[in-house]
Amino acid sequence: MTKRLYYEDSFKKHFTATVLECQRAQNLYAIKLDQSAFFPGGGGQPEDYGTLNGQVVYKLIEEGETLYHMVEHPFEIGQKVEGKINFSRRLDFMQQHSGEHILSGIIERLYGYSNVGFHLSEETVTADFDGILTENQIREIEKLANEAIREDQAVVCKVYTKEQLETKVFRSKKVFEHDVRLVSIGESDCCACCGVHVKRAGQIGLIKILSAQKHRGGMRLMLKCGLRALEDYENKLNQNREISRLLSVPIEEVTSGVRGLWEEKQDLKQKLYSIEEKYFNTLIETISSHGPICRVEEGLTPDGLRRLMSKLFLKTSWPCFILVPEEGGFKYALGQRDQTLLPLCKALNEAFEGRGGGKDICQGSLKGELSDIQERFKELVFASQGK
């Protein structure tokens, strides 16, 4: 049995221990100590990183009550070793985990929704709930969570017997028939959990909900706590500074500056649409309808390409083919009045590393020389006509 020092003091950064076992395990050595501050992972929280006598601990393995530390070189039985925890990583995970507990407790207390999924990684934290939350509710939840931090609510981790649990109200995804460790954070939350947590809510620093999306009939919240939330704020502030510089507006007027730019873009799109429509109508009048039509047009968007094709194939009963040059090849549209050109589309895709398809109008992209593509199009059309 390995004494778990991380449960006695989650802020323990280093410790000394005695080597009880040292076993060869593939390319590493499994070291059993009489005690350890290395958290092996659990409750959705990843394992600790760190060293033993300067050796990197590559992995932590639990076998019952025993914890093995996987290192590159062996230790002597009875040897004293010093363990050091990567504490900045441990603290980061504790801030995220404890912050998620506060949010989940508040959501269940206010709205009766259970946390049905929790993911904590180096970059993201997500929590899934079995009910829908409005924007106003999410803002209120975040406000209450940060009030718990400002109040510096105590975080109490304690093991209870089955009999003691009968008088406790706590969150859990399971029904327990044995002793259970509960993590209580003031009046905000009480939850069964085997993870390690901060000692007081104030050590979380900040809780920020970044996004909320409907997920499997409920809601998925993405959040950041502590230093992660501060870094996220700094990144977004830097983005706003850059937008402010590009738009030549004060940073507090960035939103109105972007709105003005968007409105200008919409106005230009409408003007471009009108110009294109006039050009398309004029172009159609100049094109001969005696035989397949194959044209190259510069600078058309996929929408413009489709609009031109929808006008072009009404002029003739022959297949129509429009190519728009782009880097590395061509965008294309294929169409024929009252016909599907999917077989022709597939044949061109196979010949010129193409992608795309469709029913009334086929659209996609091709790679190759323009002359080869045009020639192959005509060959395929006349072959289908028996000529």
# chains A, B, ... in the order shown; residues from 1 in each chain; ligands from 1

call {"tool": "residues_around", "arguments": {"residues": "Ser184 in chain A", "least_positions_apart": "3", "cutoff": "9 Å", "atoms": "only C-alpha atoms", "output": "VMD selection string"}}
result
chain A and resid 101 154 to 158 170 187 to 192

call {"tool": "write_last_selection", "arguments": {"atoms": "all heavy atoms", "output": "short mmCIF file (atom, residue, chain, number, x, y, z; two decimals), in the first residue's frame"}}
result
data_model
loop_
_atom_site.label_atom_id
_atom_site.label_comp_id
_atom_site.auth_asym_id
_atom_site.auth_seq_id
_atom_site.Cartn_x
_atom_site.Cartn_y
_atom_site.Cartn_z
N HIS A 101 -16.20 22.02 -10.55
CA HIS A 101 -17.06 21.57 -9.46
C HIS A 101 -18.01 22.68 -9.02
O HIS A 101 -19.21 22.44 -8.82
CB HIS A 101 -16.20 21.14 -8.26
CG HIS A 101 -15.83 19.69 -8.28
ND1 HIS A 101 -16.07 18.84 -7.22
CD2 HIS A 101 -15.24 18.94 -9.23
CE1 HIS A 101 -15.62 17.62 -7.51
NE2 HIS A 101 -15.11 17.66 -8.74
N ALA A 154 -14.15 27.53 1.58
CA ALA A 154 -13.25 26.43 1.91
C ALA A 154 -13.54 25.21 1.06
O ALA A 154 -14.69 24.91 0.75
CB ALA A 154 -13.40 26.07 3.39
N VAL A 155 -12.47 24.50 0.67
CA VAL A 155 -12.59 23.24 -0.08
C VAL A 155 -12.21 22.12 0.88
O VAL A 155 -11.06 22.03 1.33
CB VAL A 155 -11.67 23.23 -1.31
CG1 VAL A 155 -11.81 21.90 -2.06
CG2 VAL A 155 -11.98 24.41 -2.22
N VAL A 156 -13.17 21.28 1.22
CA VAL A 156 -12.97 20.22 2.20
C VAL A 156 -13.08 18.87 1.51
O VAL A 156 -14.11 18.56 0.89
CB VAL A 156 -13.99 20.32 3.35
CG1 VAL A 156 -13.78 19.18 4.34
CG2 VAL A 156 -13.88 21.67 4.04
N CYS A 157 -12.04 18.06 1.62
CA CYS A 157 -12.02 16.71 1.04
C CYS A 157 -11.99 15.70 2.19
O CYS A 157 -11.07 15.72 3.01
CB CYS A 157 -10.80 16.52 0.14
SG CYS A 157 -10.65 17.75 -1.17
N LYS A 158 -13.00 14.82 2.23
CA LYS A 158 -13.13 13.91 3.36
C LYS A 158 -13.77 12.61 2.92
O LYS A 158 -14.66 12.60 2.07
CB LYS A 158 -13.97 14.56 4.46
CG LYS A 158 -14.09 13.76 5.74
CD LYS A 158 -14.90 14.53 6.77
CE LYS A 158 -15.11 13.70 8.04
NZ LYS A 158 -15.93 14.43 9.05
N PHE A 170 -25.14 14.93 -1.98
CA PHE A 170 -23.97 15.17 -2.83
C PHE A 170 -24.25 14.73 -4.26
O PHE A 170 -25.14 13.92 -4.52
CB PHE A 170 -22.74 14.44 -2.28
CG PHE A 170 -22.88 12.94 -2.22
CD1 PHE A 170 -22.39 12.13 -3.24
CD2 PHE A 170 -23.50 12.33 -1.13
CE1 PHE A 170 -22.51 10.76 -3.19
CE2 PHE A 170 -23.64 10.94 -1.08
CZ PHE A 170 -23.15 10.16 -2.10
N GLU A 187 -20.93 26.48 0.19
CA GLU A 187 -22.31 26.15 -0.12
C GLU A 187 -22.51 25.88 -1.60
O GLU A 187 -23.63 25.62 -2.05
CB GLU A 187 -23.23 27.30 0.31
CG GLU A 187 -23.20 27.61 1.81
CD GLU A 187 -23.66 26.42 2.64
OE1 GLU A 187 -24.65 25.77 2.23
OE2 GLU A 187 -23.05 26.15 3.68
N SER A 188 -21.42 25.93 -2.39
CA SER A 188 -21.53 25.82 -3.84
C SER A 188 -21.70 24.40 -4.32
O SER A 188 -22.45 24.13 -5.26
CB SER A 188 -20.31 26.45 -4.52
OG SER A 188 -20.20 27.81 -4.20
N ASP A 189 -20.99 23.45 -3.69
CA ASP A 189 -21.01 22.09 -4.24
C ASP A 189 -20.55 21.07 -3.22
O ASP A 189 -19.74 21.36 -2.33
CB ASP A 189 -20.09 22.02 -5.46
CG ASP A 189 -20.18 20.68 -6.18
OD1 ASP A 189 -21.30 20.18 -6.36
OD2 ASP A 189 -19.13 20.12 -6.56
N CYS A 190 -21.07 19.87 -3.39
CA CYS A 190 -20.58 18.69 -2.67
C CYS A 190 -20.67 17.53 -3.66
O CYS A 190 -21.75 17.23 -4.16
CB CYS A 190 -21.41 18.41 -1.43
SG CYS A 190 -20.79 16.99 -0.47
N CYS A 191 -19.53 16.90 -3.94
CA CYS A 191 -19.49 15.91 -5.02
C CYS A 191 -18.52 14.78 -4.68
O CYS A 191 -17.44 15.02 -4.12
CB CYS A 191 -19.05 16.60 -6.31
SG CYS A 191 -18.95 15.51 -7.75
N ALA A 192 -18.90 13.55 -5.04
CA ALA A 192 -17.98 12.41 -4.92
C ALA A 192 -16.88 12.57 -5.95
O ALA A 192 -17.16 12.74 -7.14
CB ALA A 192 -18.74 11.11 -5.14
#

call {"tool": "closest_atom_pairs", "arguments": {"of": "range 219-307 of chain A", "to": "range 114-127 of chain A", "cutoff": "8 Å", "atoms": "only C-alpha atoms", "output": "tab-separated table"}}
result
residue	atom	partner	partner_atom	distance
A:Arg220	CA	A:Ala127	CA	5.7
A:Leu221	CA	A:Ala127	CA	5.3
A:Met222	CA	A:Thr126	CA	4.5
A:Leu223	CA	A:Val125	CA	5.6
A:Lys224	CA	A:Val125	CA	6.5

call {"tool": "residues_around", "arguments": {"residues": "Asn53 in chain A", "least_positions_apart": "3", "cutoff": "9 Å", "atoms": "only C-alpha atoms", "output": "list of chain:residue names"}}
result
A:Val56, A:Val81, A:Glu82, A:Gly83, A:Lys84

call {"tool": "write_last_selection", "arguments": {"atoms": "N, CA, C and O atoms", "output": "mmCIF file, in the first residue's frame"}}
result
data_model
loop_
_atom_site.group_PDB
_atom_site.id
_atom_site.type_symbol
_atom_site.label_atom_id
_atom_site.label_comp_id
_atom_site.auth_asym_id
_atom_site.auth_seq_id
_atom_site.Cartn_x
_atom_site.Cartn_y
_atom_site.Cartn_z
ATOM 1 N N VAL A 56 13.093 11.409 -14.830
ATOM 2 C CA VAL A 56 11.723 11.694 -15.260
ATOM 3 C C VAL A 56 10.817 10.513 -14.929
ATOM 4 O O VAL A 56 11.149 9.358 -15.199
ATOM 5 N N VAL A 81 14.659 8.357 -1.777
ATOM 6 C CA VAL A 81 14.576 9.146 -3.014
ATOM 7 C C VAL A 81 13.793 10.423 -2.752
ATOM 8 O O VAL A 81 12.986 10.490 -1.824
ATOM 9 N N GLU A 82 14.073 11.420 -3.566
ATOM 10 C CA GLU A 82 13.341 12.681 -3.467
ATOM 11 C C GLU A 82 12.474 12.838 -4.711
ATOM 12 O O GLU A 82 12.967 12.760 -5.847
ATOM 13 N N GLY A 83 11.186 13.043 -4.487
ATOM 14 C CA GLY A 83 10.267 13.267 -5.588
ATOM 15 C C GLY A 83 9.918 14.740 -5.724
ATOM 16 O O GLY A 83 9.758 15.439 -4.721
ATOM 17 N N LYS A 84 9.867 15.202 -6.951
ATOM 18 C CA LYS A 84 9.482 16.585 -7.225
ATOM 19 C C LYS A 84 8.334 16.590 -8.228
ATOM 20 O O LYS A 84 8.418 15.948 -9.273
#

call {"tool": "residues_around", "arguments": {"residues": "Lys199 in chain A", "least_positions_apart": "6", "cutoff": "12 Å", "atoms": "only C-alpha atoms", "output": "list in words"}}
result
Tyr6, Tyr7, Glu8, Asp9, Ser10, Phe11, Lys12, Leu91, Met94, Gln95, Ser98, Ile149, Asp152, Gln153, Ala154, Val155, Val156, Cys157, Val183, Ser184, Ile185 and Gly186 of chain A

call {"tool": "write_last_selection", "arguments": {"atoms": "N, CA, C and O atoms", "output": "short mmCIF file (atom, residue, chain, number, x, y, z; two decimals), in the first residue's frame"}}
result
data_model
loop_
_atom_site.label_atom_id
_atom_site.label_comp_id
_atom_site.auth_asym_id
_atom_site.auth_seq_id
_atom_site.Cartn_x
_atom_site.Cartn_y
_atom_site.Cartn_z
N TYR A 6 -0.70 13.24 -1.68
CA TYR A 6 -1.44 14.30 -2.36
C TYR A 6 -2.81 14.50 -1.76
O TYR A 6 -3.42 15.57 -1.89
N TYR A 7 -3.35 13.48 -1.08
CA TYR A 7 -4.63 13.66 -0.40
C TYR A 7 -4.45 14.40 0.93
O TYR A 7 -5.36 15.08 1.40
N GLU A 8 -3.29 14.26 1.55
CA GLU A 8 -3.01 14.97 2.79
C GLU A 8 -2.72 16.44 2.52
O GLU A 8 -3.10 17.32 3.30
N ASP A 9 -2.01 16.72 1.43
CA ASP A 9 -1.66 18.10 1.09
C ASP A 9 -1.53 18.20 -0.43
O ASP A 9 -0.52 17.79 -1.00
N SER A 10 -2.55 18.75 -1.08
CA SER A 10 -2.54 18.83 -2.54
C SER A 10 -1.53 19.85 -3.06
O SER A 10 -1.26 19.89 -4.25
N PHE A 11 -0.97 20.67 -2.15
CA PHE A 11 0.03 21.67 -2.55
C PHE A 11 1.46 21.20 -2.26
O PHE A 11 2.40 21.99 -2.36
N LYS A 12 1.63 19.94 -1.93
CA LYS A 12 2.97 19.40 -1.68
C LYS A 12 3.73 19.31 -3.00
O LYS A 12 3.32 18.62 -3.92
N LEU A 91 -1.18 22.65 -10.25
CA LEU A 91 -2.04 23.75 -9.84
C LEU A 91 -3.02 24.12 -10.94
O LEU A 91 -4.20 24.39 -10.68
N MET A 94 -5.74 21.59 -10.91
CA MET A 94 -6.60 21.75 -9.73
C MET A 94 -7.52 22.95 -9.89
O MET A 94 -8.70 22.90 -9.52
N GLN A 95 -7.01 24.05 -10.45
CA GLN A 95 -7.86 25.23 -10.67
C GLN A 95 -9.01 24.89 -11.62
O GLN A 95 -10.16 25.27 -11.36
N SER A 98 -11.46 22.23 -9.75
CA SER A 98 -12.26 22.83 -8.68
C SER A 98 -13.25 23.85 -9.24
O SER A 98 -14.38 23.95 -8.76
N ILE A 149 -15.57 32.34 -5.44
CA ILE A 149 -14.12 32.58 -5.41
C ILE A 149 -13.80 33.79 -4.54
O ILE A 149 -12.88 33.75 -3.71
N ASP A 152 -13.86 33.15 -1.07
CA ASP A 152 -12.79 32.23 -0.68
C ASP A 152 -13.33 31.04 0.10
O ASP A 152 -12.82 30.66 1.16
N GLN A 153 -14.39 30.44 -0.45
CA GLN A 153 -15.02 29.32 0.22
C GLN A 153 -14.05 28.17 0.44
O GLN A 153 -13.20 27.88 -0.41
N ALA A 154 -14.15 27.53 1.58
CA ALA A 154 -13.25 26.43 1.91
C ALA A 154 -13.54 25.21 1.06
O ALA A 154 -14.69 24.91 0.75
N VAL A 155 -12.47 24.50 0.67
CA VAL A 155 -12.59 23.24 -0.08
C VAL A 155 -12.21 22.12 0.88
O VAL A 155 -11.06 22.03 1.33
N VAL A 156 -13.17 21.28 1.22
CA VAL A 156 -12.97 20.22 2.20
C VAL A 156 -13.08 18.87 1.51
O VAL A 156 -14.11 18.56 0.89
N CYS A 157 -12.04 18.06 1.62
CA CYS A 157 -12.02 16.71 1.04
C CYS A 157 -11.99 15.70 2.19
O CYS A 157 -11.07 15.72 3.01
N VAL A 183 -15.88 15.92 -1.99
CA VAL A 183 -15.22 17.23 -2.07
C VAL A 183 -16.31 18.28 -1.94
O VAL A 183 -17.20 18.38 -2.79
N SER A 184 -16.25 19.07 -0.87
CA SER A 184 -17.23 20.12 -0.61
C SER A 184 -16.58 21.48 -0.78
O SER A 184 -15.48 21.71 -0.27
N ILE A 185 -17.27 22.39 -1.48
CA ILE A 185 -16.76 23.74 -1.67
C ILE A 185 -17.82 24.70 -1.14
O ILE A 185 -18.78 25.05 -1.85
N GLY A 186 -17.67 25.12 0.12
CA GLY A 186 -18.62 26.01 0.76
C GLY A 186 -20.04 25.53 0.56
O GLY A 186 -20.35 24.35 0.73
#

call {"tool": "residues_around", "arguments": {"residues": "Lys367 in chain A", "least_positions_apart": "2", "cutoff": "7 Å", "atoms": "only C-alpha atoms", "output": "PyMOL selection string"}}
result
chain A and resi 328-330+352-354

call {"tool": "write_last_selection", "arguments": {"atoms": "C-alpha atoms", "output": "mmCIF file, in the first residue's frame"}}
result
data_model
loop_
_atom_site.group_PDB
_atom_site.id
_atom_site.type_symbol
_atom_site.label_atom_id
_atom_site.label_comp_id
_atom_site.auth_asym_id
_atom_site.auth_seq_id
_atom_site.Cartn_x
_atom_site.Cartn_y
_atom_site.Cartn_z
ATOM 1 C CA GLY A 328 -3.096 24.933 -58.759
ATOM 2 C CA GLY A 329 -5.958 24.383 -61.209
ATOM 3 C CA PHE A 330 -9.505 25.424 -61.982
ATOM 4 C CA PHE A 352 -7.748 15.557 -63.871
ATOM 5 C CA GLU A 353 -7.571 14.786 -60.114
ATOM 6 C CA GLY A 354 -10.950 16.427 -59.715
#

call {"tool": "closest_residue", "arguments": {"among": "A:Glu65, A:Glu72, A:Glu379, A:Glu285", "to": "Leu52 in chain A", "atoms": "only C-alpha atoms"}}
result
A:Glu72

call {"tool": "select_by_dssp", "arguments": {"residues": "range 306-361 of chain A", "states": "strand (DSSP E or B)", "output": "VMD selection string"}}
result
chain A and resid 320 to 326 329 to 336 339 355 to 357 361

call {"tool": "write_last_selection", "arguments": {"atoms": "all heavy atoms", "output": "short mmCIF file (atom, residue, chain, number, x, y, z; two decimals), in the first residue's frame"}}
result
data_model
loop_
_atom_site.label_atom_id
_atom_site.label_comp_id
_atom_site.auth_asym_id
_atom_site.auth_seq_id
_atom_site.Cartn_x
_atom_site.Cartn_y
_atom_site.Cartn_z
N CYS A 320 -22.70 22.52 -71.26
CA CYS A 320 -21.95 23.77 -71.05
C CYS A 320 -20.90 23.55 -69.96
O CYS A 320 -21.16 22.88 -68.96
CB CYS A 320 -22.89 24.89 -70.63
SG CYS A 320 -24.21 25.23 -71.82
N PHE A 321 -19.74 24.15 -70.17
CA PHE A 321 -18.60 23.93 -69.27
C PHE A 321 -17.93 25.28 -69.04
O PHE A 321 -17.52 25.95 -69.99
CB PHE A 321 -17.63 22.95 -69.94
CG PHE A 321 -16.52 22.44 -69.07
CD1 PHE A 321 -16.68 22.28 -67.70
CD2 PHE A 321 -15.29 22.09 -69.63
CE1 PHE A 321 -15.66 21.78 -66.90
CE2 PHE A 321 -14.27 21.58 -68.86
CZ PHE A 321 -14.44 21.42 -67.49
N ILE A 322 -17.84 25.71 -67.76
CA ILE A 322 -17.17 26.97 -67.43
C ILE A 322 -16.02 26.65 -66.49
O ILE A 322 -16.19 25.93 -65.50
CB ILE A 322 -18.13 27.96 -66.73
CG1 ILE A 322 -19.37 28.21 -67.58
CG2 ILE A 322 -17.41 29.29 -66.47
CD1 ILE A 322 -20.43 29.03 -66.86
N LEU A 323 -14.86 27.22 -66.79
CA LEU A 323 -13.65 27.03 -65.98
C LEU A 323 -13.20 28.38 -65.42
O LEU A 323 -13.17 29.38 -66.14
CB LEU A 323 -12.53 26.43 -66.82
CG LEU A 323 -12.74 24.99 -67.29
CD1 LEU A 323 -11.86 24.69 -68.48
CD2 LEU A 323 -12.47 24.01 -66.15
N VAL A 324 -12.86 28.40 -64.13
CA VAL A 324 -12.36 29.61 -63.48
C VAL A 324 -10.97 29.29 -62.93
O VAL A 324 -10.84 28.44 -62.04
CB VAL A 324 -13.29 30.05 -62.33
CG1 VAL A 324 -12.72 31.30 -61.65
CG2 VAL A 324 -14.69 30.32 -62.85
N PRO A 325 -9.91 29.95 -63.45
CA PRO A 325 -8.56 29.68 -62.96
C PRO A 325 -8.41 30.00 -61.47
O PRO A 325 -8.92 31.00 -60.99
CB PRO A 325 -7.69 30.61 -63.81
CG PRO A 325 -8.49 30.91 -65.02
CD PRO A 325 -9.91 30.93 -64.56
N GLU A 326 -7.72 29.13 -60.75
CA GLU A 326 -7.35 29.35 -59.36
C GLU A 326 -5.99 28.73 -59.14
O GLU A 326 -5.48 28.00 -60.00
CB GLU A 326 -8.38 28.74 -58.40
CG GLU A 326 -8.50 27.22 -58.50
CD GLU A 326 -9.49 26.66 -57.48
OE1 GLU A 326 -10.12 27.45 -56.77
OE2 GLU A 326 -9.61 25.42 -57.41
N GLY A 329 -4.99 25.03 -60.33
CA GLY A 329 -5.96 24.38 -61.21
C GLY A 329 -7.12 25.29 -61.55
O GLY A 329 -6.94 26.49 -61.77
N PHE A 330 -8.31 24.69 -61.55
CA PHE A 330 -9.51 25.42 -61.98
C PHE A 330 -10.72 25.02 -61.15
O PHE A 330 -10.87 23.84 -60.80
CB PHE A 330 -9.84 25.11 -63.46
CG PHE A 330 -8.74 25.46 -64.42
CD1 PHE A 330 -7.73 24.55 -64.70
CD2 PHE A 330 -8.72 26.70 -65.05
CE1 PHE A 330 -6.71 24.86 -65.59
CE2 PHE A 330 -7.72 27.03 -65.93
CZ PHE A 330 -6.70 26.11 -66.21
N LYS A 331 -11.55 26.00 -60.82
CA LYS A 331 -12.92 25.70 -60.39
C LYS A 331 -13.73 25.48 -61.65
O LYS A 331 -13.44 26.09 -62.69
CB LYS A 331 -13.52 26.86 -59.58
CG LYS A 331 -12.88 27.12 -58.24
CD LYS A 331 -13.74 28.04 -57.38
CE LYS A 331 -13.87 29.43 -57.96
NZ LYS A 331 -12.69 30.27 -57.75
N TYR A 332 -14.77 24.64 -61.57
CA TYR A 332 -15.57 24.42 -62.77
C TYR A 332 -17.03 24.25 -62.44
O TYR A 332 -17.42 23.97 -61.30
CB TYR A 332 -15.07 23.18 -63.54
CG TYR A 332 -15.42 21.85 -62.90
CD1 TYR A 332 -16.67 21.25 -63.14
CD2 TYR A 332 -14.52 21.17 -62.08
CE1 TYR A 332 -17.00 20.04 -62.57
CE2 TYR A 332 -14.85 19.95 -61.50
CZ TYR A 332 -16.08 19.39 -61.75
OH TYR A 332 -16.43 18.19 -61.18
N ALA A 333 -17.85 24.43 -63.49
CA ALA A 333 -19.28 24.13 -63.43
C ALA A 333 -19.68 23.46 -64.73
O ALA A 333 -19.25 23.87 -65.81
CB ALA A 333 -20.10 25.40 -63.21
N LEU A 334 -20.49 22.42 -64.61
CA LEU A 334 -21.01 21.68 -65.76
C LEU A 334 -22.53 21.71 -65.70
O LEU A 334 -23.12 21.50 -64.63
CB LEU A 334 -20.56 20.22 -65.71
CG LEU A 334 -19.21 19.82 -66.32
CD1 LEU A 334 -18.90 18.39 -65.92
CD2 LEU A 334 -19.25 19.94 -67.83
N GLY A 335 -23.18 21.96 -66.85
CA GLY A 335 -24.63 21.94 -66.85
C GLY A 335 -25.21 21.69 -68.23
O GLY A 335 -24.58 22.01 -69.24
N GLN A 336 -26.40 21.11 -68.28
CA GLN A 336 -27.11 20.90 -69.53
C GLN A 336 -28.60 20.93 -69.24
O GLN A 336 -29.07 20.33 -68.26
CB GLN A 336 -26.74 19.57 -70.18
CG GLN A 336 -27.38 19.36 -71.55
CD GLN A 336 -26.89 18.08 -72.23
OE1 GLN A 336 -26.19 17.27 -71.62
NE2 GLN A 336 -27.26 17.90 -73.48
N GLN A 339 -30.93 17.80 -68.37
CA GLN A 339 -30.07 16.61 -68.36
C GLN A 339 -29.18 16.64 -67.11
O GLN A 339 -28.89 17.70 -66.56
CB GLN A 339 -29.17 16.58 -69.60
CG GLN A 339 -29.89 16.46 -70.92
CD GLN A 339 -30.49 15.08 -71.12
OE1 GLN A 339 -30.01 14.09 -70.58
NE2 GLN A 339 -31.57 15.01 -71.90
N ARG A 355 -12.48 16.97 -57.98
CA ARG A 355 -13.40 16.74 -56.88
C ARG A 355 -14.67 17.52 -57.17
O ARG A 355 -14.63 18.62 -57.71
CB ARG A 355 -12.81 17.22 -55.56
CG ARG A 355 -11.52 16.54 -55.17
CD ARG A 355 -10.96 17.13 -53.89
NE ARG A 355 -11.86 16.95 -52.75
CZ ARG A 355 -11.63 17.44 -51.53
NH1 ARG A 355 -10.56 18.16 -51.32
NH2 ARG A 355 -12.50 17.22 -50.56
N GLY A 356 -15.81 16.95 -56.83
CA GLY A 356 -17.05 17.67 -57.02
C GLY A 356 -18.15 16.80 -57.60
O GLY A 356 -17.95 15.63 -57.91
N GLY A 357 -19.32 17.39 -57.74
CA GLY A 357 -20.47 16.66 -58.29
C GLY A 357 -21.71 17.53 -58.19
O GLY A 357 -21.63 18.73 -57.97
N ILE A 361 -26.62 21.07 -61.79
CA ILE A 361 -25.32 21.69 -62.10
C ILE A 361 -24.25 21.00 -61.27
O ILE A 361 -24.37 20.88 -60.05
CB ILE A 361 -25.33 23.20 -61.78
CG1 ILE A 361 -26.33 23.94 -62.68
CG2 ILE A 361 -23.94 23.80 -61.96
CD1 ILE A 361 -26.46 25.42 -62.37
#

call {"tool": "closest_residue", "arguments": {"among": "A:Asn146, A:Arg171, A:Asp179, A:Glu253", "to": "Ile204 in chain A", "atoms": "only C-alpha atoms"}}
result
A:Asn146

call {"tool": "atom_distance", "arguments": {"atom1": "CA of Glu151 in chain A", "atom2": "CA of Glu108 in chain A"}}
result
20.1 Å

call {"tool": "atom_distance", "arguments": {"atom1": "CA of Lys168 in chain A", "atom2": "CA of Leu182 in chain A"}}
result
9.6 Å

call {"tool": "decode", "arguments": {"residues": "range 298-339 of chain A", "atoms": "C-alpha atoms", "output": "mmCIF file, in the first residue's frame"}}
result
data_model
loop_
_atom_site.group_PDB
_atom_site.id
_atom_site.type_symbol
_atom_site.label_atom_id
_atom_site.label_comp_id
_atom_site.auth_asym_id
_atom_site.auth_seq_id
_atom_site.Cartn_x
_atom_site.Cartn_y
_atom_site.Cartn_z
ATOM 1 C CA GLU A 298 -11.685 35.002 -64.485
ATOM 2 C CA GLY A 299 -12.429 35.781 -60.855
ATOM 3 C CA LEU A 300 -15.853 34.224 -60.358
ATOM 4 C CA THR A 301 -16.870 33.060 -56.899
ATOM 5 C CA PRO A 302 -18.551 29.636 -56.595
ATOM 6 C CA ASP A 303 -21.883 31.482 -56.332
ATOM 7 C CA GLY A 304 -21.148 33.589 -59.423
ATOM 8 C CA LEU A 305 -20.032 30.500 -61.318
ATOM 9 C CA ARG A 306 -23.305 28.746 -60.523
ATOM 10 C CA ARG A 307 -25.396 31.791 -61.449
ATOM 11 C CA LEU A 308 -23.668 32.112 -64.810
ATOM 12 C CA MET A 309 -24.148 28.407 -65.539
ATOM 13 C CA SER A 310 -27.846 28.590 -64.595
ATOM 14 C CA LYS A 311 -28.285 31.234 -67.318
ATOM 15 C CA LEU A 312 -25.932 29.664 -69.864
ATOM 16 C CA PHE A 313 -27.438 26.174 -70.125
ATOM 17 C CA LEU A 314 -30.884 27.642 -70.843
ATOM 18 C CA LYS A 315 -29.580 29.003 -74.176
ATOM 19 C CA THR A 316 -28.632 25.651 -75.695
ATOM 20 C CA SER A 317 -29.435 21.973 -75.575
ATOM 21 C CA TRP A 318 -25.689 21.164 -75.566
ATOM 22 C CA PRO A 319 -23.532 20.599 -72.459
ATOM 23 C CA CYS A 320 -21.955 23.765 -71.051
ATOM 24 C CA PHE A 321 -18.601 23.933 -69.271
ATOM 25 C CA ILE A 322 -17.175 26.973 -67.427
ATOM 26 C CA LEU A 323 -13.654 27.032 -65.980
ATOM 27 C CA VAL A 324 -12.358 29.609 -63.476
ATOM 28 C CA PRO A 325 -8.559 29.677 -62.958
ATOM 29 C CA GLU A 326 -7.351 29.354 -59.358
ATOM 30 C CA GLU A 327 -4.038 28.480 -57.762
ATOM 31 C CA GLY A 328 -3.096 24.933 -58.759
ATOM 32 C CA GLY A 329 -5.958 24.383 -61.209
ATOM 33 C CA PHE A 330 -9.505 25.424 -61.982
ATOM 34 C CA LYS A 331 -12.922 25.699 -60.386
ATOM 35 C CA TYR A 332 -15.566 24.417 -62.775
ATOM 36 C CA ALA A 333 -19.278 24.133 -63.426
ATOM 37 C CA LEU A 334 -21.015 21.679 -65.762
ATOM 38 C CA GLY A 335 -24.634 21.940 -66.853
ATOM 39 C CA GLN A 336 -27.114 20.896 -69.534
ATOM 40 C CA ARG A 337 -30.758 21.806 -69.848
ATOM 41 C CA ASP A 338 -33.053 18.982 -68.658
ATOM 42 C CA GLN A 339 -30.070 16.611 -68.362
#
